[in-house]
file input_20.pdb (PDB, C-alpha atoms, pLDDT in the B column)
ATOM      1  CA  MET A   1     106.480   3.876  24.668  1.00 72.00           C
ATOM      2  CA  ASN A   2     109.614   5.891  23.854  1.00 82.00           C
ATOM      3  CA  ARG A   3     110.051   9.608  24.519  1.00 83.00           C
ATOM      4  CA  GLN A   4     109.112  10.711  20.988  1.00 84.00           C
ATOM      5  CA  GLU A   5     105.917   8.642  21.027  1.00 84.00           C
ATOM      6  CA  GLN A   6     105.001  10.063  24.429  1.00 87.00           C
ATOM      7  CA  LYS A   7     105.617  13.576  23.160  1.00 87.00           C
ATOM      8  CA  GLN A   8     103.331  12.995  20.170  1.00 90.00           C
ATOM      9  CA  LYS A   9     100.678  11.486  22.432  1.00 91.00           C
ATOM     10  CA  THR A  10     100.756  14.533  24.730  1.00 91.00           C
ATOM     11  CA  ARG A  11     100.655  16.927  21.785  1.00 92.00           C
ATOM     12  CA  ARG A  12      97.603  15.072  20.464  1.00 92.00           C
ATOM     13  CA  ALA A  13      95.974  15.250  23.891  1.00 93.00           C
ATOM     14  CA  ILE A  14      96.465  19.034  23.936  1.00 93.00           C
ATOM     15  CA  ILE A  15      94.926  19.445  20.485  1.00 92.00           C
ATOM     16  CA  ASP A  16      91.969  17.202  21.332  1.00 91.00           C
ATOM     17  CA  ALA A  17      91.450  19.052  24.626  1.00 91.00           C
ATOM     18  CA  ALA A  18      91.316  22.391  22.822  1.00 89.00           C
ATOM     19  CA  TYR A  19      88.764  21.065  20.327  1.00 86.00           C
ATOM     20  CA  SER A  20      86.617  19.739  23.168  1.00 86.00           C
ATOM     21  CA  LEU A  21      86.479  23.184  24.777  1.00 86.00           C
ATOM     22  CA  LEU A  22      85.065  24.806  21.640  1.00 80.00           C
ATOM     23  CA  ASP A  23      81.296  24.872  21.244  1.00 71.00           C
ATOM     24  CA  GLU A  24      78.563  27.221  20.045  1.00 66.00           C
ATOM     25  CA  GLN A  25      79.398  29.613  22.891  1.00 74.00           C
ATOM     26  CA  ARG A  26      83.200  29.651  22.783  1.00 77.00           C
ATOM     27  CA  SER A  27      85.846  30.687  20.283  1.00 75.00           C
ATOM     28  CA  LEU A  28      89.591  30.145  20.336  1.00 77.00           C
ATOM     29  CA  SER A  29      90.172  33.590  21.817  1.00 78.00           C
ATOM     30  CA  SER A  30      88.143  32.693  24.906  1.00 81.00           C
ATOM     31  CA  VAL A  31      90.028  29.465  25.671  1.00 85.00           C
ATOM     32  CA  SER A  32      92.917  29.789  28.117  1.00 87.00           C
ATOM     33  CA  LEU A  33      96.152  27.869  28.224  1.00 89.00           C
ATOM     34  CA  ARG A  34      95.391  26.671  31.769  1.00 91.00           C
ATOM     35  CA  GLU A  35      91.995  25.310  30.683  1.00 92.00           C
ATOM     36  CA  VAL A  36      93.553  23.382  27.823  1.00 92.00           C
ATOM     37  CA  ALA A  37      96.288  21.982  30.063  1.00 93.00           C
ATOM     38  CA  ARG A  38      93.796  20.919  32.727  1.00 93.00           C
ATOM     39  CA  CYS A  39      91.546  19.258  30.124  1.00 93.00           C
ATOM     40  CA  ALA A  40      94.578  17.474  28.608  1.00 92.00           C
ATOM     41  CA  GLY A  41      95.702  16.265  32.046  1.00 92.00           C
ATOM     42  CA  ILE A  42      99.064  18.010  31.995  1.00 92.00           C
ATOM     43  CA  ALA A  43     100.715  20.802  33.971  1.00 91.00           C
ATOM     44  CA  PRO A  44     100.518  24.268  32.359  1.00 89.00           C
ATOM     45  CA  THR A  45     104.308  24.367  32.114  1.00 90.00           C
ATOM     46  CA  SER A  46     104.251  21.176  30.035  1.00 91.00           C
ATOM     47  CA  PHE A  47     102.178  22.988  27.408  1.00 92.00           C
ATOM     48  CA  TYR A  48     105.226  25.008  26.352  1.00 92.00           C
ATOM     49  CA  ARG A  49     107.113  21.885  25.370  1.00 90.00           C
ATOM     50  CA  HIS A  50     104.660  21.498  22.503  1.00 92.00           C
ATOM     51  CA  PHE A  51     103.415  24.981  21.592  1.00 92.00           C
ATOM     52  CA  LYS A  52     104.944  28.426  21.956  1.00 91.00           C
ATOM     53  CA  ASP A  53     101.636  29.910  23.123  1.00 90.00           C
ATOM     54  CA  ILE A  54      97.872  29.519  22.788  1.00 87.00           C
ATOM     55  CA  ASP A  55      97.951  31.297  19.408  1.00 88.00           C
ATOM     56  CA  GLU A  56     100.304  28.702  17.952  1.00 91.00           C
ATOM     57  CA  LEU A  57      97.934  26.004  19.201  1.00 90.00           C
ATOM     58  CA  GLY A  58      95.065  27.857  17.561  1.00 87.00           C
ATOM     59  CA  LEU A  59      96.835  27.958  14.206  1.00 89.00           C
ATOM     60  CA  THR A  60      97.509  24.218  14.504  1.00 91.00           C
ATOM     61  CA  LEU A  61      93.798  23.613  15.125  1.00 88.00           C
ATOM     62  CA  VAL A  62      92.865  25.647  12.045  1.00 86.00           C
ATOM     63  CA  ASP A  63      95.392  23.753   9.905  1.00 87.00           C
ATOM     64  CA  GLU A  64      94.096  20.402  11.180  1.00 86.00           C
ATOM     65  CA  ALA A  65      90.479  21.403  10.624  1.00 84.00           C
ATOM     66  CA  GLY A  66      91.135  22.454   7.048  1.00 83.00           C
ATOM     67  CA  LEU A  67      93.129  19.319   6.319  1.00 85.00           C
ATOM     68  CA  ALA A  68      90.396  17.110   7.789  1.00 84.00           C
ATOM     69  CA  LEU A  69      87.799  18.761   5.586  1.00 82.00           C
ATOM     70  CA  ARG A  70      89.920  18.442   2.440  1.00 83.00           C
ATOM     71  CA  GLN A  71      90.665  14.781   3.177  1.00 86.00           C
ATOM     72  CA  LEU A  72      86.970  14.154   3.634  1.00 83.00           C
ATOM     73  CA  MET A  73      86.121  15.665   0.266  1.00 81.00           C
ATOM     74  CA  ARG A  74      88.846  13.553  -1.333  1.00 83.00           C
ATOM     75  CA  GLN A  75      87.069  10.537   0.126  1.00 85.00           C
ATOM     76  CA  ALA A  76      83.864  11.874  -1.414  1.00 84.00           C
ATOM     77  CA  ARG A  77      85.533  11.903  -4.834  1.00 83.00           C
ATOM     78  CA  LEU A  78      86.480   8.252  -4.342  1.00 84.00           C
ATOM     79  CA  ARG A  79      82.835   7.486  -3.541  1.00 83.00           C
ATOM     80  CA  ILE A  80      81.854   9.397  -6.688  1.00 83.00           C
ATOM     81  CA  ALA A  81      84.312   7.358  -8.753  1.00 78.00           C
ATOM     82  CA  SER A  82      82.608   4.183  -7.560  1.00 78.00           C
ATOM     83  CA  GLY A  83      79.253   5.313  -8.911  1.00 77.00           C
ATOM     84  CA  GLY A  84      77.812   8.107  -6.772  1.00 72.00           C
ATOM     85  CA  GLY A  85      76.489  11.401  -8.147  1.00 83.00           C
ATOM     86  CA  VAL A  86      78.997  14.239  -7.808  1.00 85.00           C
ATOM     87  CA  ILE A  87      76.840  16.831  -6.067  1.00 89.00           C
ATOM     88  CA  SER A  88      74.704  14.464  -4.033  1.00 90.00           C
ATOM     89  CA  THR A  89      77.682  12.465  -2.729  1.00 89.00           C
ATOM     90  CA  SER A  90      79.697  15.608  -1.945  1.00 89.00           C
ATOM     91  CA  VAL A  91      76.864  17.202   0.039  1.00 91.00           C
ATOM     92  CA  ASP A  92      76.100  13.983   1.915  1.00 90.00           C
ATOM     93  CA  THR A  93      79.788  13.597   2.806  1.00 88.00           C
ATOM     94  CA  PHE A  94      80.006  17.206   3.958  1.00 89.00           C
ATOM     95  CA  MET A  95      76.911  16.857   6.153  1.00 91.00           C
ATOM     96  CA  GLU A  96      78.359  13.669   7.668  1.00 88.00           C
ATOM     97  CA  PHE A  97      81.515  15.629   8.503  1.00 86.00           C
ATOM     98  CA  ILE A  98      79.532  18.362  10.263  1.00 87.00           C
ATOM     99  CA  ASN A  99      77.514  15.824  12.259  1.00 87.00           C
ATOM    100  CA  ALA A 100      80.649  14.027  13.423  1.00 85.00           C
ATOM    101  CA  ASN A 101      82.943  17.053  13.798  1.00 82.00           C
ATOM    102  CA  SER A 102      80.747  20.017  14.704  1.00 83.00           C
ATOM    103  CA  ASN A 103      83.441  21.689  16.814  1.00 80.00           C
ATOM    104  CA  VAL A 104      85.991  21.360  14.013  1.00 81.00           C
ATOM    105  CA  PHE A 105      83.663  23.073  11.558  1.00 84.00           C
ATOM    106  CA  ARG A 106      82.646  25.709  14.126  1.00 82.00           C
ATOM    107  CA  LEU A 107      86.326  26.556  14.451  1.00 80.00           C
ATOM    108  CA  LEU A 108      86.724  27.214  10.717  1.00 81.00           C
ATOM    109  CA  LEU A 109      83.457  29.101  10.550  1.00 82.00           C
ATOM    110  CA  ARG A 110      84.017  31.295  13.575  1.00 79.00           C
ATOM    111  CA  GLU A 111      87.680  32.132  13.018  1.00 79.00           C
ATOM    112  CA  HIS A 112      86.992  33.026   9.378  1.00 80.00           C
ATOM    113  CA  THR A 113      85.373  36.213  10.701  1.00 76.00           C
ATOM    114  CA  GLY A 114      87.074  36.345  14.110  1.00 71.00           C
ATOM    115  CA  THR A 115      89.149  39.062  15.720  1.00 69.00           C
ATOM    116  CA  SER A 116      92.550  37.445  15.151  1.00 75.00           C
ATOM    117  CA  ASN A 117      94.252  38.429  11.889  1.00 84.00           C
ATOM    118  CA  ALA A 118      96.436  35.323  12.052  1.00 82.00           C
ATOM    119  CA  PHE A 119      93.469  32.982  12.520  1.00 82.00           C
ATOM    120  CA  ARG A 120      91.469  34.703   9.765  1.00 86.00           C
ATOM    121  CA  ALA A 121      94.395  34.396   7.358  1.00 88.00           C
ATOM    122  CA  ALA A 122      94.881  30.722   8.260  1.00 85.00           C
ATOM    123  CA  VAL A 123      91.219  29.890   7.659  1.00 85.00           C
ATOM    124  CA  LEU A 124      91.270  31.824   4.373  1.00 87.00           C
ATOM    125  CA  ARG A 125      94.254  29.737   3.249  1.00 88.00           C
ATOM    126  CA  GLU A 126      92.357  26.534   4.056  1.00 85.00           C
ATOM    127  CA  ILE A 127      89.312  27.727   2.113  1.00 87.00           C
ATOM    128  CA  GLN A 128      91.552  28.651  -0.826  1.00 90.00           C
ATOM    129  CA  HIS A 129      93.128  25.169  -0.760  1.00 87.00           C
ATOM    130  CA  PHE A 130      89.638  23.664  -0.740  1.00 86.00           C
ATOM    131  CA  THR A 131      88.550  25.901  -3.641  1.00 91.00           C
ATOM    132  CA  GLN A 132      91.681  25.076  -5.646  1.00 92.00           C
ATOM    133  CA  GLU A 133      91.129  21.337  -5.301  1.00 89.00           C
ATOM    134  CA  LEU A 134      87.527  21.746  -6.453  1.00 89.00           C
ATOM    135  CA  THR A 135      88.696  23.913  -9.368  1.00 92.00           C
ATOM    136  CA  ASP A 136      91.158  21.238 -10.513  1.00 92.00           C
ATOM    137  CA  TYR A 137      88.517  18.532 -10.166  1.00 89.00           C
ATOM    138  CA  THR A 138      86.003  20.589 -12.168  1.00 90.00           C
ATOM    139  CA  ILE A 139      88.483  21.165 -14.978  1.00 91.00           C
ATOM    140  CA  ALA A 140      89.265  17.458 -15.134  1.00 90.00           C
ATOM    141  CA  THR A 141      85.622  16.370 -15.203  1.00 87.00           C
ATOM    142  CA  THR A 142      83.884  19.097 -17.229  1.00 87.00           C
ATOM    143  CA  GLY A 143      86.491  20.664 -19.499  1.00 85.00           C
ATOM    144  CA  LEU A 144      85.675  24.176 -18.278  1.00 89.00           C
ATOM    145  CA  SER A 145      88.414  26.784 -18.538  1.00 91.00           C
ATOM    146  CA  ARG A 146      90.376  27.464 -15.362  1.00 93.00           C
ATOM    147  CA  SER A 147      88.809  30.882 -14.869  1.00 92.00           C
ATOM    148  CA  MET A 148      85.271  29.524 -15.241  1.00 92.00           C
ATOM    149  CA  ALA A 149      86.000  26.457 -13.099  1.00 93.00           C
ATOM    150  CA  ASN A 150      87.453  28.696 -10.384  1.00 94.00           C
ATOM    151  CA  LEU A 151      84.391  30.974 -10.406  1.00 94.00           C
ATOM    152  CA  GLN A 152      82.152  27.921 -10.103  1.00 94.00           C
ATOM    153  CA  ALA A 153      84.277  26.462  -7.294  1.00 93.00           C
ATOM    154  CA  GLU A 154      84.248  29.730  -5.337  1.00 95.00           C
ATOM    155  CA  ALA A 155      80.457  29.970  -5.585  1.00 95.00           C
ATOM    156  CA  MET A 156      80.028  26.347  -4.517  1.00 93.00           C
ATOM    157  CA  VAL A 157      82.423  26.598  -1.565  1.00 91.00           C
ATOM    158  CA  LYS A 158      80.746  29.769  -0.259  1.00 91.00           C
ATOM    159  CA  LEU A 159      77.327  28.130  -0.547  1.00 93.00           C
ATOM    160  CA  VAL A 160      78.475  24.932   1.170  1.00 90.00           C
ATOM    161  CA  PHE A 161      80.109  26.808   4.058  1.00 88.00           C
ATOM    162  CA  SER A 162      76.973  28.898   4.501  1.00 91.00           C
ATOM    163  CA  THR A 163      74.916  25.708   4.507  1.00 92.00           C
ATOM    164  CA  GLY A 164      77.225  24.168   7.093  1.00 90.00           C
ATOM    165  CA  ALA A 165      76.726  27.153   9.370  1.00 89.00           C
ATOM    166  CA  GLU A 166      72.972  26.754   9.090  1.00 91.00           C
ATOM    167  CA  ALA A 167      73.110  22.986   9.624  1.00 92.00           C
ATOM    168  CA  LEU A 168      74.919  23.193  12.980  1.00 87.00           C
ATOM    169  CA  ASP A 169      71.760  24.081  14.899  1.00 85.00           C
ATOM    170  CA  LEU A 170      69.225  21.911  13.055  1.00 91.00           C
ATOM    171  CA  ASN A 171      67.747  18.533  13.932  1.00 91.00           C
ATOM    172  CA  ASN A 172      68.230  15.540  11.627  1.00 91.00           C
ATOM    173  CA  GLU A 173      65.021  16.069   9.657  1.00 94.00           C
ATOM    174  CA  GLN A 174      65.810  19.736   9.098  1.00 95.00           C
ATOM    175  CA  LYS A 175      69.355  18.853   8.035  1.00 94.00           C
ATOM    176  CA  ALA A 176      67.987  16.394   5.485  1.00 94.00           C
ATOM    177  CA  GLN A 177      65.732  19.099   4.028  1.00 96.00           C
ATOM    178  CA  LEU A 178      68.620  21.555   3.964  1.00 95.00           C
ATOM    179  CA  ALA A 179      70.809  19.014   2.165  1.00 95.00           C
ATOM    180  CA  LEU A 180      68.162  18.552  -0.543  1.00 96.00           C
ATOM    181  CA  ARG A 181      67.925  22.314  -0.999  1.00 96.00           C
ATOM    182  CA  VAL A 182      71.654  22.885  -1.283  1.00 96.00           C
ATOM    183  CA  LYS A 183      72.018  20.007  -3.760  1.00 95.00           C
ATOM    184  CA  GLN A 184      69.508  21.764  -6.012  1.00 96.00           C
ATOM    185  CA  GLN A 185      71.288  25.095  -5.583  1.00 96.00           C
ATOM    186  CA  LEU A 186      74.633  23.517  -6.461  1.00 94.00           C
ATOM    187  CA  ARG A 187      73.070  22.025  -9.594  1.00 94.00           C
ATOM    188  CA  PHE A 188      71.916  25.516 -10.558  1.00 94.00           C
ATOM    189  CA  ILE A 189      75.504  26.774 -10.235  1.00 94.00           C
ATOM    190  CA  SER A 190      76.951  23.823 -12.146  1.00 92.00           C
ATOM    191  CA  THR A 191      74.419  24.018 -14.983  1.00 92.00           C
ATOM    192  CA  GLY A 192      74.757  27.796 -15.189  1.00 91.00           C
ATOM    193  CA  ALA A 193      78.533  27.571 -15.521  1.00 89.00           C
ATOM    194  CA  LEU A 194      78.238  25.107 -18.395  1.00 87.00           C
ATOM    195  CA  VAL A 195      75.627  27.249 -20.161  1.00 89.00           C
ATOM    196  CA  ILE A 196      77.698  30.420 -19.819  1.00 88.00           C
ATOM    197  CA  ALA A 197      80.817  28.611 -21.040  1.00 82.00           C
ATOM    198  CA  GLU A 198      78.899  27.376 -24.093  1.00 82.00           C
ATOM    199  CA  GLN A 199      77.554  30.868 -24.777  1.00 81.00           C
ATOM    200  CA  ASP A 200      81.060  32.328 -24.533  1.00 72.00           C
ATOM    201  CA  SER A 201      82.372  29.655 -26.886  1.00 67.00           C
ATOM    202  CA  THR A 202      79.600  30.311 -29.402  1.00 72.00           C
ATOM    203  CA  SER A 203      80.121  34.072 -29.342  1.00 67.00           C
ATOM    204  CA  LYS A 204      83.797  33.631 -30.204  1.00 64.00           C
ATOM    205  CA  ARG A 205      83.151  31.521 -33.278  1.00 58.00           C
TER     206      ARG A 205
END
call {"tool": "encode", "arguments": {"input": "input_20.pdb", "output": "structure tokens"}}
result
Amino acid sequence: MNRQEQKQKTRRAIIDAAYSLLDEQRSLSSVSLREVARCAGIAPTSFYRHFKDIDELGLTLVDEAGLALRQLMRQARLRIASGGGVISTSVDTFMEFINANSNVFRLLLREHTGTSNAFRAAVLREIQHFTQELTDYTIATTGLSRSMANLQAEAMVKLVFSTGAEALDLNNEQKAQLALRVKQQLRFISTGALVIAEQDSTSKR
């Protein structure tokens, strides 16, 4: 392994160590540099070869978490293209993500309302990226105007994030019931947007 590969491996170990330290009791602000270094199996001084400080690491975690979530929903759209229902497949994919990456989602959820302005802004950017992708997808598949598609996307994203927060502490049966409920709620939003768009179109004729 050359020096660059080793550097990337150590950087990855630091990121993974930080994720592993986050749980329902701990936020980024309560994790220390020394803890992360110890968990990653490196000396604290080695940390600074990869990140300026713990805040820079935190911003990297937020960026990775948002990217992971967006990539997952892109995979959901591929599953939809192969014959799955849009809402049902998207919710199922999202719930799978939470089950497999609870600490990643906790990070986004907690730092969205956390004490760090930088972390809050970073999470907001990730949510906006997520909303924009859903807006573009909605326009392409429904023909809604951009303003209407964006309103629908914002409502859906807020509902899904709220559902994710609720799902974190549920057992599998409760999660399944929650998924059914949110699918119905998302259908309400989707149908309502189409009805309102049709009403607006009719009133302008």
call {"tool": "axis_aligned_box", "arguments": {"input": "input_20.pdb", "around": "stretch 198-202 of chain A", "padding_each_side": "5 Å", "output": "JSON"}}
result
{"center_x": 80.0, "center_y": 29.9, "center_z": -26.7, "size_x": 14.8, "size_y": 15.0, "size_z": 15.3}
call {"tool": "atom_distance", "arguments": {"input": "input_20.pdb", "atom1": "atom CA of A:Arg34", "atom2": "atom CA of A:Ile54"}}
result
9.7 Å
call {"tool": "closest_residue", "arguments": {"input": "input_20.pdb", "among": "A:Leu57, A:Val31, A:Met148, A:Ala40", "to": "A:Asp16", "atoms": "all atoms listed in the file"}}
result
A:Ala40
call {"tool": "resolve_selection", "arguments": {"input": "input_20.pdb", "expression": "the PyMOL selection byres ((chain A and resi 104) around 12)", "output": "ChimeraX atom specification"}}
result
/A:15-16,18-24,27-28,58,60-69,97-103,105-111,123,164-165,168
call {"tool": "closest_residue", "arguments": {"input": "input_20.pdb", "among": "A:Glu96, A:Met73, A:Gln177, A:Thr45", "to": "A:Thr131", "atoms": "all atoms listed in the file"}}
result
A:Met73
call {"tool": "resolve_selection", "arguments": {"input": "input_20.pdb", "expression": "the PyMOL selection byres ((chain A and resi 186-197) around 8)", "output": "number ranges by chain"}}
result
A: 87, 144, 148-149, 152, 155-156, 159, 182-185, 198-201
call {"tool": "closest_residue", "arguments": {"input": "input_20.pdb", "among": "A:Ser116, A:Thr138, A:Gln174, A:Gln132", "to": "A:Arg70", "atoms": "only C-alpha atoms"}}
result
A:Gln132
call {"tool": "residues_around", "arguments": {"input": "input_20.pdb", "residues": "A:Val157", "least_positions_apart": "4", "cutoff": "9 Å", "atoms": "all atoms listed in the file", "output": "list of chain:residue names"}}
result
A:Ile127, A:Phe130, A:Thr131, A:Leu134, A:Gln152, A:Ala153, A:Phe161, A:Ser162
call {"tool": "closest_residue", "arguments": {"input": "input_20.pdb", "among": "A:Met95, A:Thr135, A:Lys158, A:Lys52", "to": "A:His112", "atoms": "only C-alpha atoms"}}
result
A:Lys158
call {"tool": "decode", "arguments": {"input": "input_20.pdb", "residues": "stretch 85-96 of chain A", "atoms": "all heavy atoms", "output": "compact mmCIF listing (two decimals), in the first residue's frame"}}
result
# COMPACT_ATOMS: atom_id res chain seq x y z
N GLY A 85 -43.70 0.85 -7.31
CA GLY A 85 -44.48 2.06 -7.09
C GLY A 85 -43.60 3.15 -6.51
O GLY A 85 -42.74 2.88 -5.68
N VAL A 86 -43.82 4.39 -6.94
CA VAL A 86 -42.95 5.50 -6.56
C VAL A 86 -42.90 5.68 -5.04
O VAL A 86 -41.83 5.64 -4.42
CB VAL A 86 -43.40 6.81 -7.22
CG1 VAL A 86 -42.57 7.99 -6.71
CG2 VAL A 86 -43.29 6.70 -8.73
N ILE A 87 -44.05 5.89 -4.43
CA ILE A 87 -44.09 6.19 -3.00
C ILE A 87 -43.71 4.98 -2.18
O ILE A 87 -42.88 5.06 -1.26
CB ILE A 87 -45.47 6.73 -2.61
CG1 ILE A 87 -45.63 8.15 -3.15
CG2 ILE A 87 -45.66 6.70 -1.09
CD1 ILE A 87 -46.99 8.76 -2.93
N SER A 88 -44.27 3.84 -2.50
CA SER A 88 -44.00 2.63 -1.71
C SER A 88 -42.51 2.26 -1.76
O SER A 88 -41.90 1.99 -0.72
CB SER A 88 -44.83 1.46 -2.25
OG SER A 88 -44.61 0.31 -1.48
N THR A 89 -41.91 2.29 -2.94
CA THR A 89 -40.50 1.94 -3.08
C THR A 89 -39.61 2.95 -2.37
O THR A 89 -38.63 2.57 -1.72
CB THR A 89 -40.12 1.86 -4.57
OG1 THR A 89 -40.93 0.87 -5.22
CG2 THR A 89 -38.66 1.49 -4.75
N SER A 90 -39.94 4.24 -2.49
CA SER A 90 -39.14 5.28 -1.84
C SER A 90 -39.16 5.14 -0.33
O SER A 90 -38.12 5.24 0.33
CB SER A 90 -39.65 6.67 -2.25
OG SER A 90 -39.52 6.87 -3.63
N VAL A 91 -40.34 4.90 0.24
CA VAL A 91 -40.45 4.75 1.70
C VAL A 91 -39.72 3.51 2.17
O VAL A 91 -38.98 3.53 3.16
CB VAL A 91 -41.92 4.73 2.14
CG1 VAL A 91 -42.04 4.35 3.63
CG2 VAL A 91 -42.58 6.08 1.90
N ASP A 92 -39.90 2.40 1.45
CA ASP A 92 -39.22 1.16 1.83
C ASP A 92 -37.70 1.34 1.79
O ASP A 92 -36.98 0.87 2.69
CB ASP A 92 -39.63 0.02 0.88
CG ASP A 92 -41.06 -0.44 1.11
OD1 ASP A 92 -41.64 -0.11 2.17
OD2 ASP A 92 -41.60 -1.14 0.22
N THR A 93 -37.21 2.03 0.77
CA THR A 93 -35.77 2.26 0.64
C THR A 93 -35.26 3.15 1.78
O THR A 93 -34.19 2.90 2.35
CB THR A 93 -35.45 2.93 -0.72
OG1 THR A 93 -35.96 2.10 -1.77
CG2 THR A 93 -33.95 3.10 -0.91
N PHE A 94 -36.04 4.17 2.11
CA PHE A 94 -35.66 5.07 3.19
C PHE A 94 -35.62 4.33 4.53
O PHE A 94 -34.69 4.52 5.32
CB PHE A 94 -36.66 6.22 3.26
CG PHE A 94 -36.32 7.25 4.31
CD1 PHE A 94 -35.25 8.11 4.14
CD2 PHE A 94 -37.08 7.36 5.46
CE1 PHE A 94 -34.94 9.06 5.11
CE2 PHE A 94 -36.79 8.30 6.43
CZ PHE A 94 -35.71 9.15 6.25
N MET A 95 -36.60 3.47 4.78
CA MET A 95 -36.63 2.73 6.04
C MET A 95 -35.47 1.74 6.10
O MET A 95 -34.89 1.52 7.17
CB MET A 95 -37.97 2.00 6.18
CG MET A 95 -39.17 2.93 6.28
SD MET A 95 -39.14 4.05 7.68
CE MET A 95 -39.77 2.99 8.97
N GLU A 96 -35.10 1.16 4.97
CA GLU A 96 -33.93 0.27 4.92
C GLU A 96 -32.67 1.04 5.29
O GLU A 96 -31.80 0.54 6.01
CB GLU A 96 -33.79 -0.33 3.51
CG GLU A 96 -34.86 -1.36 3.16
CD GLU A 96 -34.87 -1.69 1.67
OE1 GLU A 96 -33.92 -1.26 0.96
OE2 GLU A 96 -35.82 -2.33 1.21
